[in-house]
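**Student:** One file is attached below, query_9.cif, containing mmCIF, C-alpha atoms.
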data_query
#
loop_
_atom_site.label_atom_id
_atom_site.label_comp_id
_atom_site.auth_asym_id
_atom_site.auth_seq_id
_atom_site.Cartn_x
_atom_site.Cartn_y
_atom_site.Cartn_z
CA SER A 25 49.84 139.56 110.78
CA THR A 26 53.34 138.70 112.00
CA GLN A 27 51.96 137.07 115.14
CA LYS A 28 49.39 135.16 113.07
CA ILE A 29 52.13 133.80 110.80
CA THR A 30 54.25 132.72 113.77
CA VAL A 31 51.38 130.73 115.28
CA GLU A 32 50.59 129.01 112.01
CA GLU A 33 54.24 128.12 111.46
CA LYS A 34 54.26 126.28 114.78
CA LYS A 35 51.10 124.39 113.87
CA GLY A 36 51.90 123.21 110.37
CA GLY A 37 55.58 123.90 109.69
CA LYS A 38 54.68 126.43 106.98
CA SER A 39 53.68 130.06 107.14
CA ARG A 40 50.46 131.14 105.49
CA LEU A 41 50.67 134.38 103.56
CA SER A 42 48.14 136.31 101.54
CA MET A 43 49.59 138.36 98.68
CA VAL A 44 47.60 141.02 96.86
CA ILE A 45 48.57 141.80 93.26
CA LEU A 46 48.53 145.56 92.67
CA GLY A 47 49.20 147.93 89.79
CA HIS A 48 47.88 150.21 87.09
CA VAL A 49 45.43 148.81 84.55
CA ASP A 50 47.14 146.79 81.77
CA ALA A 51 50.42 146.47 83.68
CA GLY A 52 50.17 142.71 83.13
CA LYS A 53 49.11 141.57 86.63
CA SER A 54 46.73 138.76 85.67
CA THR A 55 48.98 137.55 82.85
CA LEU A 56 51.97 137.43 85.20
CA MET A 57 50.03 135.49 87.83
CA GLY A 58 48.66 133.16 85.17
CA GLN A 59 52.24 132.44 84.10
CA VAL A 60 53.26 131.77 87.71
CA LEU A 61 50.41 129.27 88.12
CA VAL A 62 51.32 127.54 84.86
CA GLN A 63 55.01 127.35 85.82
CA MET A 64 54.10 125.86 89.20
CA GLY A 65 51.94 123.19 87.60
CA LYS A 66 48.67 124.57 88.95
CA VAL A 67 47.15 124.75 85.46
CA GLU A 68 47.26 121.95 82.91
CA GLN A 69 48.65 122.72 79.48
CA ARG A 70 45.43 121.58 77.81
CA VAL A 71 43.57 124.28 79.76
CA VAL A 72 46.09 126.89 78.61
CA ASN A 73 45.70 125.68 75.03
CA ARG A 74 41.93 126.04 75.28
CA TYR A 75 42.25 129.56 76.67
CA GLN A 76 44.63 130.47 73.85
CA ARG A 77 42.12 129.30 71.24
CA GLN A 78 39.20 131.07 72.90
CA ALA A 79 41.16 134.31 73.42
CA ALA A 80 42.29 134.29 69.80
CA GLU A 81 38.67 133.90 68.66
CA LEU A 82 37.80 137.08 70.57
CA GLY A 83 40.81 138.90 69.11
CA LYS A 84 42.54 138.91 72.52
CA ALA A 85 45.26 136.29 72.00
CA SER A 86 47.67 138.05 74.36
CA PHE A 87 45.16 137.73 77.21
CA ALA A 88 45.16 133.91 77.31
CA LEU A 89 47.29 133.59 80.45
CA ALA A 90 45.29 136.33 82.17
CA TRP A 91 42.24 134.10 81.80
CA VAL A 92 43.76 131.71 84.33
CA MET A 93 42.98 134.42 86.89
CA ASP A 94 40.12 136.27 85.16
CA GLU A 95 37.48 133.53 84.99
CA ASP A 96 34.44 135.79 84.69
CA GLU A 97 33.09 136.08 81.12
CA SER A 98 32.62 139.87 81.34
CA GLU A 99 36.23 140.26 82.51
CA ARG A 100 37.43 138.23 79.55
CA GLU A 101 35.35 140.20 77.07
CA ARG A 102 36.51 143.56 78.42
CA GLY A 103 40.08 142.46 79.02
CA VAL A 104 40.18 143.92 82.55
CA THR A 105 39.99 142.42 86.03
CA MET A 106 36.82 143.63 87.74
CA ASP A 107 36.81 141.68 91.00
CA VAL A 108 39.41 140.06 93.24
CA ALA A 109 40.40 136.62 91.91
CA THR A 110 41.81 134.15 94.43
CA LYS A 111 44.24 131.27 93.85
CA THR A 112 46.53 129.29 96.16
CA ILE A 113 50.11 128.12 95.61
CA SER A 114 52.54 126.29 97.88
CA THR A 115 56.31 126.58 98.22
CA PRO A 116 58.56 124.59 100.58
CA ASN A 117 58.17 127.28 103.24
CA HIS A 118 54.88 129.02 102.51
CA ASP A 119 51.27 128.47 101.56
CA ILE A 120 50.40 131.60 99.60
CA THR A 121 46.95 132.90 98.75
CA ILE A 122 47.12 135.12 95.67
CA LEU A 123 44.60 137.96 95.54
CA ASP A 124 44.57 139.43 92.02
CA ALA A 125 43.10 142.91 92.49
CA PRO A 126 41.64 145.12 89.74
CA GLY A 127 43.88 147.86 88.37
CA HIS A 128 41.19 150.00 86.74
CA LYS A 129 40.13 153.05 88.71
CA ASP A 130 36.45 152.06 88.39
CA PHE A 131 37.06 149.04 90.60
CA ILE A 132 39.04 150.61 93.45
CA PRO A 133 36.58 149.29 96.10
CA ALA A 134 37.38 145.71 95.05
CA MET A 135 41.11 146.48 95.15
CA ILE A 136 40.71 147.88 98.68
CA GLY A 137 38.95 144.70 99.78
CA GLY A 138 41.81 142.59 98.46
CA ALA A 139 44.53 144.73 100.03
CA ALA A 140 42.78 144.84 103.40
CA SER A 141 43.17 141.08 103.83
CA ALA A 142 46.75 140.81 102.54
CA ASP A 143 50.09 140.41 104.31
CA VAL A 144 52.25 141.18 101.27
CA GLY A 145 51.76 143.36 98.20
CA LEU A 146 53.14 142.51 94.77
CA LEU A 147 53.10 145.68 92.68
CA VAL A 148 53.34 145.14 88.92
CA VAL A 149 54.51 148.12 86.85
CA ALA A 150 54.89 148.19 83.08
CA SER A 151 58.32 149.38 81.97
CA THR A 152 57.24 150.33 78.46
CA THR A 153 57.64 154.00 77.55
CA GLY A 154 54.52 155.93 78.47
CA GLU A 155 52.84 153.07 80.33
CA PHE A 156 54.89 153.44 83.49
CA GLU A 157 54.55 157.22 83.37
CA SER A 158 50.77 157.11 82.92
CA GLY A 159 50.51 154.88 85.99
CA PHE A 160 52.94 156.72 88.26
CA ASP A 161 53.61 160.28 87.12
CA PRO A 162 50.85 162.54 88.57
CA SER A 163 51.43 165.08 85.80
CA ARG A 164 50.46 162.45 83.19
CA GLY A 165 47.03 161.67 84.59
CA LYS A 166 45.39 159.81 87.43
CA GLY A 167 47.35 156.57 87.37
CA GLN A 168 46.66 153.82 89.86
CA THR A 169 50.25 152.89 90.73
CA ARG A 170 50.67 155.63 93.33
CA GLU A 171 47.17 155.11 94.69
CA HIS A 172 47.66 151.37 95.09
CA ILE A 173 50.94 151.86 96.98
CA LEU A 174 49.37 154.42 99.30
CA LEU A 175 46.16 152.47 99.91
CA SER A 176 47.89 149.14 100.48
CA ARG A 177 50.17 150.59 103.15
CA GLY A 178 47.24 152.34 104.81
CA LEU A 179 45.34 149.04 104.85
CA GLY A 180 48.12 147.22 106.69
CA VAL A 181 50.31 145.72 103.96
CA SER A 182 53.84 145.95 105.39
CA GLN A 183 55.94 144.27 102.68
CA ILE A 184 55.95 145.07 98.98
CA ILE A 185 57.61 143.43 95.99
CA VAL A 186 57.81 145.61 92.89
CA VAL A 187 57.85 143.66 89.63
CA VAL A 188 59.10 145.73 86.70
CA ASN A 189 57.18 144.02 83.91
CA LYS A 190 57.34 144.12 80.10
CA LEU A 191 61.09 144.83 80.02
CA ASP A 192 61.25 142.82 76.80
CA ALA A 193 59.20 145.61 75.22
CA SER A 194 61.14 148.52 76.74
CA GLU A 195 63.38 150.81 74.66
CA PRO A 196 65.84 149.18 74.22
CA PRO A 197 64.64 145.71 75.24
CA TRP A 198 65.79 144.53 78.68
CA SER A 199 67.15 147.97 79.48
CA LYS A 200 68.99 148.02 82.81
CA SER A 201 68.86 151.81 82.90
CA ARG A 202 65.07 151.74 82.48
CA PHE A 203 64.76 149.26 85.35
CA GLU A 204 66.98 151.39 87.58
CA SER A 205 65.12 154.59 86.63
CA ILE A 206 61.78 153.06 87.63
CA GLN A 207 63.31 151.76 90.85
CA GLN A 208 64.69 155.21 91.70
CA GLN A 209 61.24 156.76 91.25
CA ILE A 210 59.17 154.17 93.11
CA LEU A 211 61.47 153.44 96.05
CA PRO A 212 61.31 156.89 97.70
CA PHE A 213 57.56 157.04 97.19
CA CYS A 214 57.11 153.66 98.91
CA ILE A 215 59.26 154.87 101.80
CA SER A 216 57.27 158.11 102.04
CA CYS A 217 54.08 156.00 102.30
CA GLY A 218 55.49 154.16 105.31
CA PHE A 219 57.15 151.05 103.89
CA ALA A 220 60.45 150.23 105.59
CA PRO A 221 63.32 150.07 103.03
CA LYS A 222 64.19 146.50 104.07
CA ARG A 223 60.59 145.49 103.31
CA ILE A 224 60.77 146.65 99.67
CA ARG A 225 62.15 144.47 96.90
CA PHE A 226 62.47 145.09 93.14
CA VAL A 227 62.39 142.28 90.60
CA PRO A 228 62.93 142.66 86.81
#
Could you take the file, read its structure, and then write that structure out as structure tokens?

**Tutor:**
Amino acid sequence: STQKITVEEKKGGKSRLSMVILGHVDAGKSTLMGQVLVQMGKVEQRVVNRYQRQAAELGKASFALAWVMDEDESERERGVTMDVATKTISTPNHDITILDAPGHKDFIPAMIGGAASADVGLLVVASTTGEFESGFDPSRGKGQTREHILLSRGLGVSQIIVVVNKLDASEPPWSKSRFESIQQQILPFCISCGFAPKRIRFVP
């Protein structure tokens, strides 16, 4: 993929990257990407307002931004991403295709399809007590965080950004120690899966 990016940079002055969004179910992947699209002006406020009304009517008010990515009616009703949603954003240096992959274990084949075509992985982990552990700690169940890291590397993703999400709901809110604890657990696992340390970034 590095060679591909180099060629495309010469042609158009920008690199083209595909970024797959990974993580355990309910980590906030679709909501985060919906917020990114709103902040970048890719979604009009009137559309967001409509989604907020419709989500509230279904008793899923907190899912409104996720609907920017989850456009399928069955996904909205269930509150989970079931297939890979695709959106495009542009920055001064990159044209980025966002591949929002499912986090639920029932839809692993769709996640694999998204990761197989990606250059970069963006792993979203929930920092809230119990949520991170259920997604990463093998003693707490079969979470998807570890599986997504392992599969993405095996499928050729060479760079990974780890977003520690929901820190506003951690105990205490915006806990630096919680962020650092999660980083200390995920970093060695990413390295053991084959990611180079310089290709791993953590973002609160």

**Student:** Check what the PyMOL selection byres ((chain A and resi 212-224) around 12) selects in the file above and give those residues as a VMD selection string.

**Tutor:** chain A and resid 143 to 147 160 to 161 169 to 187 205 to 211 225 to 227

**Student:** Grab the atom CA of Asp192 of chain A to atom CA of Gln63 of chain A distance for me, in Å with one decimal place.

**Tutor:**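 Rounded to one decimal, the two atoms are 19.0 Å apart.
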
**Student:** Which of these, A:Met43, A:Val188, A:Ala80, A:Val49, has the shortest distance to Val148 of chain A once you count all atoms listed in the file?

**Tutor:** A:Val188

**Student:** So how many Å separate atom CA of Thr152 of chain A and atom CA of Arg74 of chain A, to one decimal?

**Tutor:** 28.9 Å

**Student:** So which one's closest to Thr115 of chain A, A:Gly47, A:Pro196, A:Gly52, A:Gly65? Using all atoms listed in the file, please.

**Tutor:**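 Smallest separation from Thr115 of chain A among the options: A:Gly65.
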
**Student:** Name the residues in contact with Leu41 of chain A at a cut-off of 8 Å, using all atoms listed in the file, excluding same-chain residues fewer than 6 positions from it; report them as an MDAnalysis selection string.

**Tutor:** chainID A and resid 29 118:121 142:144

**Student:** I need the residue nearest Val60 of chain A from this list: A:Ile122, A:Ser39, A:Glu195, A:Ser151. Use all atoms listed in the file for the distance.

**Tutor:**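 Nearest candidate to Val60 of chain A out of A:Ile122, A:Ser39, A:Glu195, A:Ser151: A:Ile122.
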
**Student:** Rounded to one decimal place, report the atom CA of Arg40 of chain A-atom CA of Thr55 of chain A distance in Å.

**Tutor:**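 Rounded to one decimal, the two atoms are 23.6 Å apart.
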
**Student:** When you count all atoms listed in the file, which of these residues is closest to Lys66 of chain A: A:Thr153, A:Asp124, A:Lys111, A:Glu204?

**Tutor:** A:Lys111

**Student:** Just save segment 65-81 of chain A with all heavy atoms, as an mmCIF file, in the first residue's frame.

**Tutor:**
data_model
loop_
_atom_site.group_PDB
_atom_site.id
_atom_site.type_symbol
_atom_site.label_atom_id
_atom_site.label_comp_id
_atom_site.auth_asym_id
_atom_site.auth_seq_id
_atom_site.Cartn_x
_atom_site.Cartn_y
_atom_site.Cartn_z
ATOM 1 N N GLY A 65 -18.070 19.240 8.207
ATOM 2 C CA GLY A 65 -19.052 19.838 7.305
ATOM 3 C C GLY A 65 -19.588 18.911 6.247
ATOM 4 O O GLY A 65 -20.150 19.357 5.241
ATOM 5 N N LYS A 66 -19.440 17.596 6.466
ATOM 6 C CA LYS A 66 -19.923 16.616 5.489
ATOM 7 C C LYS A 66 -21.404 16.301 5.680
ATOM 8 O O LYS A 66 -22.021 15.668 4.823
ATOM 9 C CB LYS A 66 -19.113 15.320 5.594
ATOM 10 C CG LYS A 66 -17.666 15.457 5.159
ATOM 11 C CD LYS A 66 -17.568 15.669 3.664
ATOM 12 C CE LYS A 66 -16.140 15.727 3.179
ATOM 13 N NZ LYS A 66 -16.058 15.910 1.718
ATOM 14 N N VAL A 67 -21.962 16.723 6.806
ATOM 15 C CA VAL A 67 -23.371 16.472 7.101
ATOM 16 C C VAL A 67 -24.006 17.784 7.541
ATOM 17 O O VAL A 67 -23.485 18.461 8.435
ATOM 18 C CB VAL A 67 -23.531 15.418 8.223
ATOM 19 C CG1 VAL A 67 -25.008 15.106 8.458
ATOM 20 C CG2 VAL A 67 -22.772 14.156 7.873
ATOM 21 N N GLU A 68 -25.109 18.145 6.925
ATOM 22 C CA GLU A 68 -25.780 19.391 7.282
ATOM 23 C C GLU A 68 -26.477 19.263 8.626
ATOM 24 O O GLU A 68 -26.956 18.180 8.989
ATOM 25 C CB GLU A 68 -26.805 19.766 6.203
ATOM 26 C CG GLU A 68 -26.179 20.088 4.849
ATOM 27 C CD GLU A 68 -27.232 20.496 3.840
ATOM 28 O OE1 GLU A 68 -28.409 20.676 4.220
ATOM 29 O OE2 GLU A 68 -26.875 20.626 2.652
ATOM 30 N N GLN A 69 -26.542 20.369 9.350
ATOM 31 C CA GLN A 69 -27.137 20.357 10.680
ATOM 32 C C GLN A 69 -28.603 19.929 10.641
ATOM 33 O O GLN A 69 -29.086 19.263 11.547
ATOM 34 C CB GLN A 69 -27.007 21.734 11.330
ATOM 35 C CG GLN A 69 -27.422 21.764 12.801
ATOM 36 C CD GLN A 69 -26.639 20.808 13.673
ATOM 37 O OE1 GLN A 69 -25.411 20.752 13.585
ATOM 38 N NE2 GLN A 69 -27.325 20.035 14.513
ATOM 39 N N ARG A 70 -29.311 20.285 9.577
ATOM 40 C CA ARG A 70 -30.721 19.908 9.486
ATOM 41 C C ARG A 70 -30.876 18.390 9.419
ATOM 42 O O ARG A 70 -31.859 17.833 9.920
ATOM 43 C CB ARG A 70 -31.400 20.563 8.285
ATOM 44 C CG ARG A 70 -30.823 20.194 6.938
ATOM 45 C CD ARG A 70 -31.521 20.920 5.799
ATOM 46 N NE ARG A 70 -30.950 20.573 4.501
ATOM 47 C CZ ARG A 70 -31.257 19.478 3.829
ATOM 48 N NH1 ARG A 70 -32.138 18.622 4.321
ATOM 49 N NH2 ARG A 70 -30.696 19.226 2.659
ATOM 50 N N VAL A 71 -29.893 17.724 8.793
ATOM 51 C CA VAL A 71 -29.914 16.259 8.730
ATOM 52 C C VAL A 71 -29.681 15.685 10.122
ATOM 53 O O VAL A 71 -30.367 14.740 10.544
ATOM 54 C CB VAL A 71 -28.850 15.735 7.744
ATOM 55 C CG1 VAL A 71 -28.786 14.207 7.782
ATOM 56 C CG2 VAL A 71 -29.147 16.219 6.335
ATOM 57 N N VAL A 72 -28.730 16.259 10.841
ATOM 58 C CA VAL A 72 -28.462 15.819 12.216
ATOM 59 C C VAL A 72 -29.696 16.017 13.083
ATOM 60 O O VAL A 72 -30.069 15.132 13.867
ATOM 61 C CB VAL A 72 -27.260 16.582 12.814
ATOM 62 C CG1 VAL A 72 -27.041 16.190 14.274
ATOM 63 C CG2 VAL A 72 -25.993 16.311 12.003
ATOM 64 N N ASN A 73 -30.354 17.167 12.929
ATOM 65 C CA ASN A 73 -31.569 17.437 13.706
ATOM 66 C C ASN A 73 -32.650 16.407 13.417
ATOM 67 O O ASN A 73 -33.356 15.959 14.334
ATOM 68 C CB ASN A 73 -32.093 18.846 13.394
ATOM 69 C CG ASN A 73 -31.157 19.941 13.890
ATOM 70 O OD1 ASN A 73 -30.308 19.701 14.749
ATOM 71 N ND2 ASN A 73 -31.302 21.135 13.348
ATOM 72 N N ARG A 74 -32.784 16.029 12.151
ATOM 73 C CA ARG A 74 -33.784 15.022 11.786
ATOM 74 C C ARG A 74 -33.451 13.668 12.422
ATOM 75 O O ARG A 74 -34.323 12.989 12.952
ATOM 76 C CB ARG A 74 -33.863 14.889 10.264
ATOM 77 C CG ARG A 74 -34.983 13.939 9.815
ATOM 78 C CD ARG A 74 -35.170 13.917 8.319
ATOM 79 N NE ARG A 74 -34.134 13.150 7.649
ATOM 80 C CZ ARG A 74 -33.232 13.649 6.820
ATOM 81 N NH1 ARG A 74 -33.216 14.950 6.575
ATOM 82 N NH2 ARG A 74 -32.332 12.876 6.248
ATOM 83 N N TYR A 75 -32.173 13.308 12.363
ATOM 84 C CA TYR A 75 -31.748 12.041 12.977
ATOM 85 C C TYR A 75 -32.003 12.049 14.480
ATOM 86 O O TYR A 75 -32.401 11.032 15.066
ATOM 87 C CB TYR A 75 -30.265 11.782 12.713
ATOM 88 C CG TYR A 75 -29.927 11.393 11.295
ATOM 89 C CD1 TYR A 75 -28.615 11.389 10.847
ATOM 90 C CD2 TYR A 75 -30.920 11.025 10.382
ATOM 91 C CE1 TYR A 75 -28.284 11.035 9.548
ATOM 92 C CE2 TYR A 75 -30.597 10.668 9.083
ATOM 93 C CZ TYR A 75 -29.281 10.677 8.670
ATOM 94 O OH TYR A 75 -28.954 10.326 7.392
ATOM 95 N N GLN A 76 -31.763 13.198 15.104
ATOM 96 C CA GLN A 76 -31.980 13.298 16.555
ATOM 97 C C GLN A 76 -33.446 13.088 16.897
ATOM 98 O O GLN A 76 -33.770 12.393 17.867
ATOM 99 C CB GLN A 76 -31.486 14.654 17.057
ATOM 100 C CG GLN A 76 -29.973 14.773 17.076
ATOM 101 C CD GLN A 76 -29.487 16.176 17.410
ATOM 102 O OE1 GLN A 76 -30.200 17.169 17.204
ATOM 103 N NE2 GLN A 76 -28.259 16.273 17.924
ATOM 104 N N ARG A 77 -34.335 13.673 16.099
ATOM 105 C CA ARG A 77 -35.772 13.482 16.331
ATOM 106 C C ARG A 77 -36.179 12.031 16.127
ATOM 107 O O ARG A 77 -36.888 11.439 16.949
ATOM 108 C CB ARG A 77 -36.582 14.388 15.393
ATOM 109 C CG ARG A 77 -36.535 15.871 15.720
ATOM 110 C CD ARG A 77 -37.630 16.632 14.983
ATOM 111 N NE ARG A 77 -37.560 16.418 13.535
ATOM 112 C CZ ARG A 77 -36.838 17.170 12.695
ATOM 113 N NH1 ARG A 77 -36.111 18.179 13.172
ATOM 114 N NH2 ARG A 77 -36.837 16.930 11.401
ATOM 115 N N GLN A 78 -35.719 11.442 15.030
ATOM 116 C CA GLN A 78 -36.090 10.066 14.709
ATOM 117 C C GLN A 78 -35.527 9.085 15.729
ATOM 118 O O GLN A 78 -36.213 8.127 16.127
ATOM 119 C CB GLN A 78 -35.605 9.723 13.302
ATOM 120 C CG GLN A 78 -36.310 10.500 12.197
ATOM 121 C CD GLN A 78 -35.676 10.269 10.838
ATOM 122 O OE1 GLN A 78 -34.545 9.771 10.718
ATOM 123 N NE2 GLN A 78 -36.397 10.628 9.780
ATOM 124 N N ALA A 79 -34.284 9.299 16.163
ATOM 125 C CA ALA A 79 -33.666 8.419 17.160
ATOM 126 C C ALA A 79 -34.402 8.511 18.484
ATOM 127 O O ALA A 79 -34.627 7.503 19.166
ATOM 128 C CB ALA A 79 -32.191 8.775 17.336
ATOM 129 N N ALA A 80 -34.791 9.730 18.858
ATOM 130 C CA ALA A 80 -35.524 9.921 20.108
ATOM 131 C C ALA A 80 -36.870 9.205 20.069
ATOM 132 O O ALA A 80 -37.310 8.622 21.068
ATOM 133 C CB ALA A 80 -35.733 11.414 20.367
ATOM 134 N N GLU A 81 -37.512 9.205 18.913
ATOM 135 C CA GLU A 81 -38.806 8.522 18.768
ATOM 136 C C GLU A 81 -38.678 7.017 18.971
ATOM 137 O O GLU A 81 -39.617 6.361 19.425
ATOM 138 C CB GLU A 81 -39.397 8.817 17.387
ATOM 139 C CG GLU A 81 -39.894 10.253 17.225
ATOM 140 C CD GLU A 81 -40.256 10.584 15.787
ATOM 141 O OE1 GLU A 81 -40.178 9.679 14.929
ATOM 142 O OE2 GLU A 81 -40.610 11.758 15.523
#
